[in-house]
Each structure stands twice: as C-alpha cells, then as structure tokens.
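Source file: data-v2.cif. Holds: mmCIF, C-alpha atoms.
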data_target
loop_
_atom_site.group_PDB
_atom_site.id
_atom_site.type_symbol
_atom_site.label_atom_id
_atom_site.label_comp_id
_atom_site.auth_asym_id
_atom_site.auth_seq_id
_atom_site.Cartn_x
_atom_site.Cartn_y
_atom_site.Cartn_z
ATOM 1 C CA MET W 15 89.413 115.262 68.024
ATOM 2 C CA ASP W 16 90.102 118.326 70.178
ATOM 3 C CA ILE W 17 92.593 120.072 67.896
ATOM 4 C CA VAL W 18 93.862 122.446 70.589
ATOM 5 C CA HIS W 19 94.479 119.590 73.009
ATOM 6 C CA ALA W 20 96.235 117.610 70.282
ATOM 7 C CA MET W 21 98.447 120.615 69.522
ATOM 8 C CA GLN W 22 99.282 120.967 73.218
ATOM 9 C CA VAL W 23 100.280 117.304 73.378
ATOM 10 C CA PHE W 24 102.380 117.578 70.222
ATOM 11 C CA VAL W 25 104.214 120.665 71.494
ATOM 12 C CA ARG W 26 104.926 118.966 74.815
ATOM 13 C CA VAL W 27 106.315 115.871 73.037
ATOM 14 C CA VAL W 28 108.686 118.112 71.089
ATOM 15 C CA GLU W 29 109.703 120.074 74.216
ATOM 16 C CA ARG W 30 110.374 116.954 76.276
ATOM 17 C CA GLY W 31 111.904 114.940 73.434
ATOM 18 C CA SER W 32 109.911 111.783 74.065
ATOM 19 C CA PHE W 33 106.371 110.473 74.331
ATOM 20 C CA SER W 34 106.948 109.091 77.827
ATOM 21 C CA ARG W 35 108.319 112.335 79.279
ATOM 22 C CA ALA W 36 105.479 114.268 77.668
ATOM 23 C CA ALA W 37 103.012 111.791 79.151
ATOM 24 C CA ASP W 38 104.504 112.356 82.622
ATOM 25 C CA ALA W 39 104.328 116.136 82.225
ATOM 26 C CA LEU W 40 100.719 116.014 81.023
ATOM 27 C CA ASP W 41 99.637 113.328 83.485
ATOM 28 C CA LEU W 42 98.499 111.124 80.600
ATOM 29 C CA SER W 43 99.330 107.584 79.593
ATOM 30 C CA ASN W 44 101.937 106.930 76.909
ATOM 31 C CA ALA W 45 99.190 105.417 74.767
ATOM 32 C CA ALA W 46 97.047 108.553 75.060
ATOM 33 C CA VAL W 47 99.917 110.800 74.018
ATOM 34 C CA THR W 48 100.830 108.547 71.092
ATOM 35 C CA ARG W 49 97.189 108.439 70.000
ATOM 36 C CA GLN W 50 96.831 112.234 70.082
ATOM 37 C CA VAL W 51 99.913 112.734 67.906
ATOM 38 C CA GLY W 52 98.716 109.995 65.543
ATOM 39 C CA LEU W 53 95.277 111.592 65.229
ATOM 40 C CA LEU W 54 96.900 114.952 64.577
ATOM 41 C CA GLU W 55 99.085 113.507 61.810
ATOM 42 C CA ALA W 56 96.072 111.766 60.281
ATOM 43 C CA HIS W 57 94.057 114.988 60.449
ATOM 44 C CA LEU W 58 96.838 116.933 58.721
ATOM 45 C CA GLY W 59 97.660 114.156 56.279
ATOM 46 C CA THR W 60 101.386 114.326 56.959
ATOM 47 C CA ARG W 61 104.003 112.926 59.323
ATOM 48 C CA LEU W 62 105.169 115.403 61.961
ATOM 49 C CA LEU W 63 107.769 113.313 63.776
ATOM 50 C CA ASN W 64 110.454 110.866 62.731
ATOM 51 C CA ARG W 65 110.429 108.055 65.290
ATOM 52 C CA THR W 66 113.408 105.806 65.996
ATOM 53 C CA THR W 67 114.206 103.587 68.954
ATOM 54 C CA ARG W 68 116.628 106.196 70.291
ATOM 55 C CA ARG W 69 115.201 109.609 69.510
ATOM 56 C CA LEU W 70 112.487 111.729 67.989
ATOM 57 C CA SER W 71 113.085 114.386 65.378
ATOM 58 C CA LEU W 72 110.814 116.791 63.571
ATOM 59 C CA THR W 73 110.077 116.432 59.891
ATOM 60 C CA ASP W 74 110.159 119.625 57.821
ATOM 61 C CA ALA W 75 106.386 119.794 58.071
ATOM 62 C CA GLY W 76 106.591 119.059 61.800
ATOM 63 C CA ALA W 77 109.089 121.875 62.404
ATOM 64 C CA GLU W 78 106.884 124.379 60.587
ATOM 65 C CA PHE W 79 103.743 123.132 62.335
ATOM 66 C CA HIS W 80 105.457 123.199 65.748
ATOM 67 C CA GLY W 81 106.295 126.874 65.350
ATOM 68 C CA ARG W 82 102.722 127.678 64.347
ATOM 69 C CA CYS W 83 101.364 125.611 67.253
ATOM 70 C CA ARG W 84 103.532 127.514 69.728
ATOM 71 C CA THR W 85 102.216 130.822 68.388
ATOM 72 C CA ILE W 86 98.584 129.687 68.462
ATOM 73 C CA LEU W 87 98.844 128.227 71.978
ATOM 74 C CA GLU W 88 100.532 131.381 73.243
ATOM 75 C CA GLU W 89 97.723 133.461 71.754
ATOM 76 C CA ILE W 90 95.166 131.240 73.480
ATOM 77 C CA ALA W 91 97.033 131.557 76.775
ATOM 78 C CA ASP W 92 97.202 135.336 76.366
ATOM 79 C CA ALA W 93 93.479 135.466 75.634
ATOM 80 C CA GLU W 94 92.780 133.424 78.755
ATOM 81 C CA ALA W 95 95.066 135.688 80.762
ATOM 82 C CA VAL W 96 93.300 138.839 79.504
ATOM 83 C CA ALA W 97 89.946 137.328 80.378
ATOM 84 C CA GLY W 98 91.315 136.342 83.760
ATOM 85 C CA GLN W 99 92.468 139.885 84.453
ATOM 86 C CA LEU W 100 88.899 141.070 83.897
ATOM 87 C CA THR W 101 87.533 138.699 86.508
ATOM 88 C CA ALA W 102 88.244 138.011 90.160
ATOM 89 C CA GLN W 103 89.691 134.625 89.266
ATOM 90 C CA PRO W 104 92.651 134.294 86.829
ATOM 91 C CA VAL W 105 92.369 131.412 84.392
ATOM 92 C CA GLY W 106 94.641 129.585 81.983
ATOM 93 C CA LEU W 107 97.895 127.694 82.351
ATOM 94 C CA LEU W 108 100.912 128.981 84.286
ATOM 95 C CA ARG W 109 104.205 127.197 83.597
ATOM 96 C CA ILE W 110 106.703 127.535 86.450
ATOM 97 C CA SER W 111 110.313 126.372 86.690
ATOM 98 C CA ALA W 112 112.062 126.168 90.075
ATOM 99 C CA PRO W 113 115.147 124.542 91.639
ATOM 100 C CA LEU W 114 114.415 121.027 92.857
ATOM 101 C CA SER W 115 115.129 121.452 96.576
ATOM 102 C CA PHE W 116 113.501 124.878 96.748
ATOM 103 C CA GLY W 117 110.462 123.572 94.950
ATOM 104 C CA ILE W 118 109.998 120.704 97.373
ATOM 105 C CA LEU W 119 110.835 122.517 100.611
ATOM 106 C CA GLU W 120 109.504 126.029 99.951
ATOM 107 C CA LEU W 121 107.066 125.981 97.026
ATOM 108 C CA GLY W 122 105.520 122.894 98.582
ATOM 109 C CA ARG W 123 104.390 125.089 101.463
ATOM 110 C CA PHE W 124 103.348 128.046 99.299
ATOM 111 C CA LEU W 125 101.398 126.373 96.506
ATOM 112 C CA PRO W 126 98.497 124.797 98.434
ATOM 113 C CA ALA W 127 97.230 128.187 99.615
ATOM 114 C CA PHE W 128 97.927 129.759 96.214
ATOM 115 C CA HIS W 129 96.031 127.003 94.416
ATOM 116 C CA ALA W 130 93.131 127.230 96.853
ATOM 117 C CA LYS W 131 92.942 131.001 96.303
ATOM 118 C CA TYR W 132 93.061 130.730 92.490
ATOM 119 C CA PRO W 133 91.574 127.313 91.630
ATOM 120 C CA LYS W 134 90.878 128.182 87.983
ATOM 121 C CA LEU W 135 94.565 128.816 87.292
ATOM 122 C CA ARG W 136 96.197 125.571 86.141
ATOM 123 C CA LEU W 137 99.828 125.053 87.170
ATOM 124 C CA ASP W 138 102.543 123.162 85.303
ATOM 125 C CA ILE W 139 105.629 122.989 87.530
ATOM 126 C CA ASP W 140 109.063 121.839 86.352
ATOM 127 C CA LEU W 141 111.509 121.194 89.200
ATOM 128 C CA SER W 142 115.085 121.073 87.993
ATOM 129 C CA ASP W 143 118.418 122.604 88.990
ATOM 130 C CA ARG W 144 119.379 123.168 85.355
ATOM 131 C CA LEU W 145 118.943 126.627 83.863
ATOM 132 C CA VAL W 146 115.928 126.329 81.618
ATOM 133 C CA ASP W 147 115.517 128.297 78.409
ATOM 134 C CA LEU W 148 112.253 130.112 79.055
ATOM 135 C CA ALA W 149 111.372 130.576 75.391
ATOM 136 C CA ASN W 150 112.348 127.136 74.137
ATOM 137 C CA ASP W 151 110.914 125.298 77.158
ATOM 138 C CA GLY W 152 107.684 127.290 77.175
ATOM 139 C CA ILE W 153 108.190 128.573 80.752
ATOM 140 C CA ASP W 154 106.221 131.615 81.952
ATOM 141 C CA VAL W 155 108.318 132.294 85.052
ATOM 142 C CA ALA W 156 111.494 130.684 86.405
ATOM 143 C CA LEU W 157 112.655 130.920 90.005
ATOM 144 C CA ARG W 158 116.428 131.085 90.382
ATOM 145 C CA ILE W 159 118.701 131.280 93.413
ATOM 146 C CA THR W 160 121.907 133.047 92.485
ATOM 147 C CA GLY W 161 124.210 135.933 93.246
ATOM 148 C CA ARG W 162 124.386 137.089 89.658
ATOM 149 C CA LEU W 163 121.905 137.115 86.796
ATOM 150 C CA ASP W 164 122.452 137.344 83.073
ATOM 151 C CA ASP W 165 122.017 140.973 81.994
ATOM 152 C CA ASN W 166 119.694 139.840 79.222
ATOM 153 C CA LEU W 167 117.150 138.459 81.671
ATOM 154 C CA VAL W 168 114.230 140.338 83.176
ATOM 155 C CA ALA W 169 113.941 139.521 86.858
ATOM 156 C CA ARG W 170 112.401 140.590 90.128
ATOM 157 C CA ARG W 171 114.237 139.961 93.392
ATOM 158 C CA ILE W 172 112.026 138.149 95.870
ATOM 159 C CA ALA W 173 114.103 137.339 98.960
ATOM 160 C CA LEU W 174 117.562 136.902 100.410
ATOM 161 C CA ILE W 175 118.643 133.267 100.649
ATOM 162 C CA PRO W 176 121.125 132.917 103.550
ATOM 163 C CA MET W 177 123.974 130.483 102.958
ATOM 164 C CA VAL W 178 125.453 128.319 105.707
ATOM 165 C CA VAL W 179 128.826 126.569 105.865
ATOM 166 C CA CYS W 180 128.568 123.433 107.974
ATOM 167 C CA ALA W 181 129.819 119.919 108.603
ATOM 168 C CA SER W 182 128.946 116.908 110.725
ATOM 169 C CA PRO W 183 130.274 116.564 114.284
ATOM 170 C CA GLY W 184 132.010 113.358 113.196
ATOM 171 C CA TYR W 185 133.889 115.066 110.384
ATOM 172 C CA LEU W 186 135.007 117.913 112.652
ATOM 173 C CA GLU W 187 136.136 115.498 115.368
ATOM 174 C CA GLN W 188 138.279 113.620 112.857
ATOM 175 C CA HIS W 189 139.615 116.528 110.781
ATOM 176 C CA GLY W 190 139.383 119.587 113.039
ATOM 177 C CA THR W 191 137.258 122.720 112.893
ATOM 178 C CA PRO W 192 138.390 125.520 110.571
ATOM 179 C CA SER W 193 138.715 128.868 112.337
ATOM 180 C CA SER W 194 139.210 130.993 109.216
ATOM 181 C CA PRO W 195 138.055 130.741 105.602
ATOM 182 C CA GLY W 196 141.580 130.088 104.349
ATOM 183 C CA GLU W 197 141.675 126.778 106.221
ATOM 184 C CA LEU W 198 138.915 125.411 103.982
ATOM 185 C CA ALA W 199 141.532 124.842 101.282
ATOM 186 C CA HIS W 200 142.925 122.035 103.455
ATOM 187 C CA HIS W 201 139.573 120.347 104.102
ATOM 188 C CA ALA W 202 137.365 118.040 102.081
ATOM 189 C CA THR W 203 134.568 120.160 100.632
ATOM 190 C CA LEU W 204 131.296 119.346 98.893
ATOM 191 C CA SER W 205 130.271 121.702 96.108
ATOM 192 C CA PHE W 206 127.092 122.468 94.199
ATOM 193 C CA SER W 207 127.723 122.001 90.482
ATOM 194 C CA TYR W 208 125.604 124.990 89.427
ATOM 195 C CA LEU W 209 126.844 127.511 92.026
ATOM 196 C CA TRP W 210 127.167 130.801 90.153
ATOM 197 C CA ALA W 211 130.615 131.487 91.675
ATOM 198 C CA GLY W 212 131.927 128.009 90.878
ATOM 199 C CA ASP W 213 134.346 126.635 93.454
ATOM 200 C CA GLU W 214 135.314 130.053 94.801
ATOM 201 C CA TRP W 215 133.642 130.651 98.164
ATOM 202 C CA THR W 216 133.473 134.258 99.402
ATOM 203 C CA PHE W 217 133.469 135.402 103.028
ATOM 204 C CA THR W 218 133.168 138.858 104.606
ATOM 205 C CA ASP W 219 134.340 139.580 108.163
ATOM 206 C CA ALA W 220 132.915 142.089 110.654
ATOM 207 C CA ARG W 221 135.164 144.862 109.282
ATOM 208 C CA GLY W 222 133.984 144.286 105.738
ATOM 209 C CA ALA W 223 137.172 142.609 104.554
ATOM 210 C CA VAL W 224 136.477 140.033 101.833
ATOM 211 C CA THR W 225 138.241 136.680 101.590
ATOM 212 C CA ARG W 226 137.864 134.447 98.543
ATOM 213 C CA VAL W 227 138.814 130.813 98.937
ATOM 214 C CA ARG W 228 139.320 128.451 96.027
ATOM 215 C CA VAL W 229 138.137 125.077 97.326
ATOM 216 C CA ASP W 230 139.022 121.746 95.737
ATOM 217 C CA PRO W 231 135.838 119.730 96.233
ATOM 218 C CA ALA W 232 136.002 116.042 96.968
ATOM 219 C CA ILE W 233 132.491 115.777 95.503
ATOM 220 C CA HIS W 234 130.486 117.872 93.063
ATOM 221 C CA ALA W 235 126.726 117.303 92.847
ATOM 222 C CA SER W 236 123.853 119.046 91.109
ATOM 223 C CA ASN W 237 121.437 118.718 94.037
ATOM 224 C CA GLY W 238 121.629 120.368 97.446
ATOM 225 C CA ASP W 239 119.743 117.633 99.312
ATOM 226 C CA LEU W 240 122.333 115.072 98.250
ATOM 227 C CA LEU W 241 125.179 117.366 99.330
ATOM 228 C CA ARG W 242 123.491 117.885 102.721
ATOM 229 C CA ASP W 243 123.170 114.133 103.234
ATOM 230 C CA LEU W 244 126.807 113.600 102.235
ATOM 231 C CA ALA W 245 127.837 116.227 104.787
ATOM 232 C CA ILE W 246 125.771 114.486 107.476
ATOM 233 C CA ALA W 247 127.600 111.264 106.597
ATOM 234 C CA GLY W 248 130.949 112.969 107.277
ATOM 235 C CA CYS W 249 132.154 113.332 103.695
ATOM 236 C CA GLY W 250 133.202 116.965 104.051
ATOM 237 C CA ILE W 251 132.270 120.605 104.587
ATOM 238 C CA VAL W 252 129.358 121.987 102.604
ATOM 239 C CA MET W 253 127.947 125.449 101.872
ATOM 240 C CA GLN W 254 124.219 125.317 101.220
ATOM 241 C CA PRO W 255 121.125 127.542 101.473
ATOM 242 C CA GLU W 256 119.802 127.687 105.014
ATOM 243 C CA PHE W 257 116.425 126.214 104.016
ATOM 244 C CA ILE W 258 118.152 122.995 102.934
ATOM 245 C CA VAL W 259 120.220 122.474 106.115
ATOM 246 C CA ALA W 260 118.156 124.257 108.813
ATOM 247 C CA GLN W 261 116.458 121.123 110.144
ATOM 248 C CA GLU W 262 119.714 119.200 110.449
ATOM 249 C CA LEU W 263 121.411 122.159 112.151
ATOM 250 C CA ALA W 264 118.587 122.249 114.709
ATOM 251 C CA ARG W 265 118.991 118.511 115.310
ATOM 252 C CA GLY W 266 122.756 118.806 115.744
ATOM 253 C CA ARG W 267 123.498 116.493 112.827
ATOM 254 C CA LEU W 268 125.287 119.424 111.200
ATOM 255 C CA VAL W 269 127.334 122.141 112.918
ATOM 256 C CA PRO W 270 127.583 125.719 111.544
ATOM 257 C CA LEU W 271 131.115 126.944 110.855
ATOM 258 C CA LEU W 272 132.851 130.324 110.546
ATOM 259 C CA ALA W 273 130.042 132.133 112.355
ATOM 260 C CA ASP W 274 132.102 135.360 112.478
ATOM 261 C CA TYR W 275 131.963 135.626 108.695
ATOM 262 C CA ARG W 276 129.119 136.346 106.309
ATOM 263 C CA THR W 277 129.020 134.040 103.323
ATOM 264 C CA MET W 278 128.254 135.110 99.759
ATOM 265 C CA ASP W 279 124.821 136.627 99.298
ATOM 266 C CA LEU W 280 122.356 134.730 97.139
ATOM 267 C CA HIS W 281 118.858 135.872 96.278
ATOM 268 C CA LEU W 282 115.719 134.236 95.009
ATOM 269 C CA HIS W 283 114.694 135.846 91.721
ATOM 270 C CA ALA W 284 111.644 135.448 89.536
ATOM 271 C CA VAL W 285 112.816 135.500 85.911
ATOM 272 C CA TYR W 286 110.558 136.091 82.929
ATOM 273 C CA LEU W 287 110.905 136.983 79.277
ATOM 274 C CA SER W 288 109.754 140.578 79.044
ATOM 275 C CA ARG W 289 108.408 143.450 81.099
ATOM 276 C CA ARG W 290 106.138 144.374 78.217
ATOM 277 C CA HIS W 291 102.795 142.608 78.117
ATOM 278 C CA LEU W 292 103.592 140.654 81.287
ATOM 279 C CA PRO W 293 100.608 138.300 81.685
ATOM 280 C CA GLY W 294 98.512 138.995 84.730
ATOM 281 C CA LYS W 295 98.866 135.407 85.911
ATOM 282 C CA VAL W 296 102.675 135.801 86.034
ATOM 283 C CA ARG W 297 102.503 139.111 87.874
ATOM 284 C CA LEU W 298 99.975 137.634 90.309
ATOM 285 C CA PHE W 299 102.149 134.598 91.044
ATOM 286 C CA ILE W 300 105.221 136.748 91.678
ATOM 287 C CA ASP W 301 103.313 139.197 93.886
ATOM 288 C CA GLU W 302 101.891 136.357 95.967
ATOM 289 C CA LEU W 303 105.334 134.763 96.280
ATOM 290 C CA VAL W 304 106.888 138.039 97.408
ATOM 291 C CA THR W 305 104.179 138.404 100.034
ATOM 292 C CA ALA W 306 104.565 134.839 101.273
ATOM 293 C CA LEU W 307 108.352 134.438 101.151
ATOM 294 C CA GLY W 308 109.809 137.916 101.000
ATOM 295 C CA ALA W 309 108.185 138.995 104.226
ATOM 296 C CA ALA W 310 109.654 135.975 105.982
ATOM 297 C CA ARG W 311 113.237 136.832 104.972
ATOM 298 C CA PRO W 312 115.450 139.880 105.351
#

Is it possible to express this structure as structure tokens?
Amino acid sequence: MDIVHAMQVFVRVVERGSFSRAADALDLSNAAVTRQVGLLEAHLGTRLLNRTTRRLSLTDAGAEFHGRCRTILEEIADAEAVAGQLTAQPVGLLRISAPLSFGILELGRFLPAFHAKYPKLRLDIDLSDRLVDLANDGIDVALRITGRLDDNLVARRIALIPMVVCASPGYLEQHGTPSSPGELAHHATLSFSYLWAGDEWTFTDARGAVTRVRVDPAIHASNGDLLRDLAIAGCGIVMQPEFIVAQELARGRLVPLLADYRTMDLHLHAVYLSRRHLPGKVRLFIDELVTALGAARP
C-alpha cells in the first residue's frame, strides 16, 4: 500500500463528505477510494470513519489521524514546492478554487498554456460560486470576483471585471427601456445570489454622482450563466460580468442598458492564506494569471 496516496484519499473523503465525491475529485472509481480507506484502516488497526446510508463521520481516532494527515501532506507539498523553486519546472499539487462561470469561460482559455508551460505541476481545480474555506477545504489559492474582501484575507488584485446591465429586446419591447437607474425598481430584475452588495445596485453618472437602487428580484440564482439565459428568455433585467454576457450582446440577443452610467466596480482577486512562506507554485500561478488576464483588462 502507498501510505501517502492512501492518506491523500482519506483526507479527500473527509473534505468532500462522501466516497463518491472524493472519487470524482481524484478521478478514481468509488471502489478504488473505498479500498484505499479500507486498507488504511486495516494498516492502522482501527476504524477511521463511521459509515451510514446518509452520511460519514469521523471516529475519535479518525479525527486525530485526519489532522496529522493534513499536516504531513502539507509538509510534503511544501517540500515539493521548495524543490520546484530550485528547478526550472515547479512540481507538486496546486489546488485552485474559482467561480463556475469564470472558470469555464476564462480559466478554460488560460490553463492549457499554463499546463503546457509547467507540465510537472499537477492541478486540482474546484469550480463553485460558494465561498470556500481555504484552510478547511485545502485550497492553495481562490479566485474571487467581488467589490469587497474580508479584511482577514490576503489577496492580490488581478483585473477589473466590468459589469453590464442588460435585457432581451423582447423584454424591453414589452416593458419599456429604463432611462435612469431609479426606474429599475419598477422592472423585473434577475439577481446573483452571492453578489457582495446584495440586491442594491450602484450606478455612477458622468459627474460622479452615485445612485443606489434597491431592486426586488423576480429571480435569484447562484450562477451567472443561468441568469444570462433567463434574461435572453425575457424574464427580466440582469447585471452580470461582461465576460458572461459579451457574446450575447454581440449577437443582439441582449441589449446593454443605462450606458451613461458606470455600474459598481468588481475585481478579480487571488486569495490565499498568508503572505509568509507563500509557496512558489502559488506565486507563479498568480503571476502568470496577472500577465494573461490583467494585461487584457483595464
């Protein structure tokens, strides 16, 4: 048995809360994951997990062993990172978290060249619009699009993410086109559940005057692609990052609104746990991302 591999599998099962989700994350079969945990328990002579039909939970021994595994695996990753910094090619595992739509539309274009340039660096990418806990989820670097970050986080700003307010031609024909931000309060709106400002949309005119509008969304959703498609279908007015709606704006399936106003500023940030002892692989990834994306945006 490869004890390090078995520990990695066990830690991933605990992080994901199930054998099947761990299997998906590790690109292994459910049987392989179950076998690795079973071999580990047999090797240690104790049960690590309580298994029921509904959930997994750690035994006392499992909780203690999980903490030790995390420490050992982090030390191994740090050792790999140090070795990687001494060579032309970084090695080890880099765990990345990114918003779903951004990951598909933007990282999907960035990663092939990055992977080709650093083939010995293994990538584990979690695409989710939820705010991950970097420490508990074992994430090295999280990409977040927001206008405000928690003061406790360490982050590097990568690029401005322009926001666009838009709607379908059909919706505007039926309900009219708003000429000022205040009119949005009388329209059906579609809102992103995790927007840092909630349902308060902010606009700035050419003179610098700020208008804040409290919208009453007809639909909340936790994914920007779904909100874009609902807007195309005529369900309401949406405010989304330009990279999500740009193609549909170019095709005329969505129409930009309130062009005389600047919407709230959002930025793409790379978030990590600490400035001290920042692994070279994390710094490298962020630097490459800044070069690739930051130069393409204001």

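Here CA of Ile251 in chain W and CA of Leu198 in chain W stand 8.2 Å from one another.
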
TODO: Could you list the residues chosen by the PyMOL selection byres ((chain W and resi 199-216) around 9) in this structure as a PyMOL selection string?
DONE: chain W and resi 143-145+160-163+189-190+192+195-198+217-218+224-238+241-242+244-245+249-254+276-279

Open item on the list: Just want the 8 Å neighbourhood of range 23-26 of chain W, counted on only C-alpha atoms, with same-chain residues fewer than 5 positions away dropped. Output as an NGL selection string.
Closed with: :W and (36 or 39-40 or 47 or 50-51 or 80 or 83-84)

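CA of Leu107 in chain W is found 12.2 Å from CA of His129 in chain W.
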
TODO: Please measure the separation of CA of Gly294 in chain W and CA of Glu89 in chain W, giving the value in Å to one decimal.
DONE: 14.1 Å

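Of the residues listed (W:Pro104, W:Ser115, W:Asn44, W:Glu29), W:Pro104 shows the shortest atom-to-atom separation from Phe128 in chain W; distances use all atoms listed in the file.
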
Task: For Arg61 in chain W: contacts at 9 Å, only C-alpha atoms, fewer than 2 positions along chain excluded, given as a PyMOL selection string - done: chain W and resi 52+55-56+58-59+63-64+72-73+75-76

Open item on the list: Which residues, named as in the file, does the PyMOL selection byres ((chain W and resi 88) around 12) pick out? Answer as an MDAnalysis selection string.
Closed with: chainID W and resid 18 21:22 25 81:87 89:95 106:109 149 152:154 293

- [ ] Apply the PyMOL selection byres ((chain W and resi 259-264) around 12) to the displayed file and report the matching residues as JSON, numbers by chain.
- [x] {"W": [115, 116, 119, 176, 177, 178, 179, 180, 181, 182, 183, 238, 239, 240, 241, 242, 243, 244, 245, 246, 247, 252, 253, 254, 255, 256, 257, 258, 265, 266, 267, 268, 269, 270, 271]}

Task: 12 Å contact set for Leu125 in chain W, all atoms listed in the file, chain neighbours under 3 positions out, as number ranges by chain - done: W: 110, 117-122, 128-133, 135-139, 299, 302-303, 306-307

Would you place a box with edges along x, y and z of the file around all atoms of range 284-289 of chain W listed there, add 4 Å to each of its six sides, and report the centre and edge lengths in Å to one decimal, as lines of an AutoDock Vina configuration file?
center_x = 110.6
center_y = 139.4
center_z = 84.3
size_x = 12.4
size_y = 16.0
size_z = 18.5

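Using only C-alpha atoms, the residues found no farther than 8 Å from Ala156 in chain W, other than those of its own chain fewer than 6 positions away, are W:Ile110, W:Ser111, W:Ala112, W:Val146, W:Leu148, W:Ala284, W:Val285, W:Tyr286.
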
What's around Thr48 in chain W at 10 Å? Count only C-alpha atoms, leave out sequence neighbours fewer than 5 positions away in its own chain, and write the answer as an mmCIF file with C-alpha atoms, in the coordinates of the input.
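Everything below was put into result27.cif:
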data_model
loop_
_atom_site.group_PDB
_atom_site.id
_atom_site.type_symbol
_atom_site.label_atom_id
_atom_site.label_comp_id
_atom_site.auth_asym_id
_atom_site.auth_seq_id
_atom_site.Cartn_x
_atom_site.Cartn_y
_atom_site.Cartn_z
ATOM 1 C CA VAL W 23 100.280 117.304 73.378
ATOM 2 C CA PHE W 24 102.380 117.578 70.222
ATOM 3 C CA VAL W 27 106.315 115.871 73.037
ATOM 4 C CA PHE W 33 106.371 110.473 74.331
ATOM 5 C CA SER W 34 106.948 109.091 77.827
ATOM 6 C CA ALA W 36 105.479 114.268 77.668
ATOM 7 C CA ALA W 37 103.012 111.791 79.151
ATOM 8 C CA SER W 43 99.330 107.584 79.593
ATOM 9 C CA LEU W 53 95.277 111.592 65.229
ATOM 10 C CA LEU W 54 96.900 114.952 64.577
#
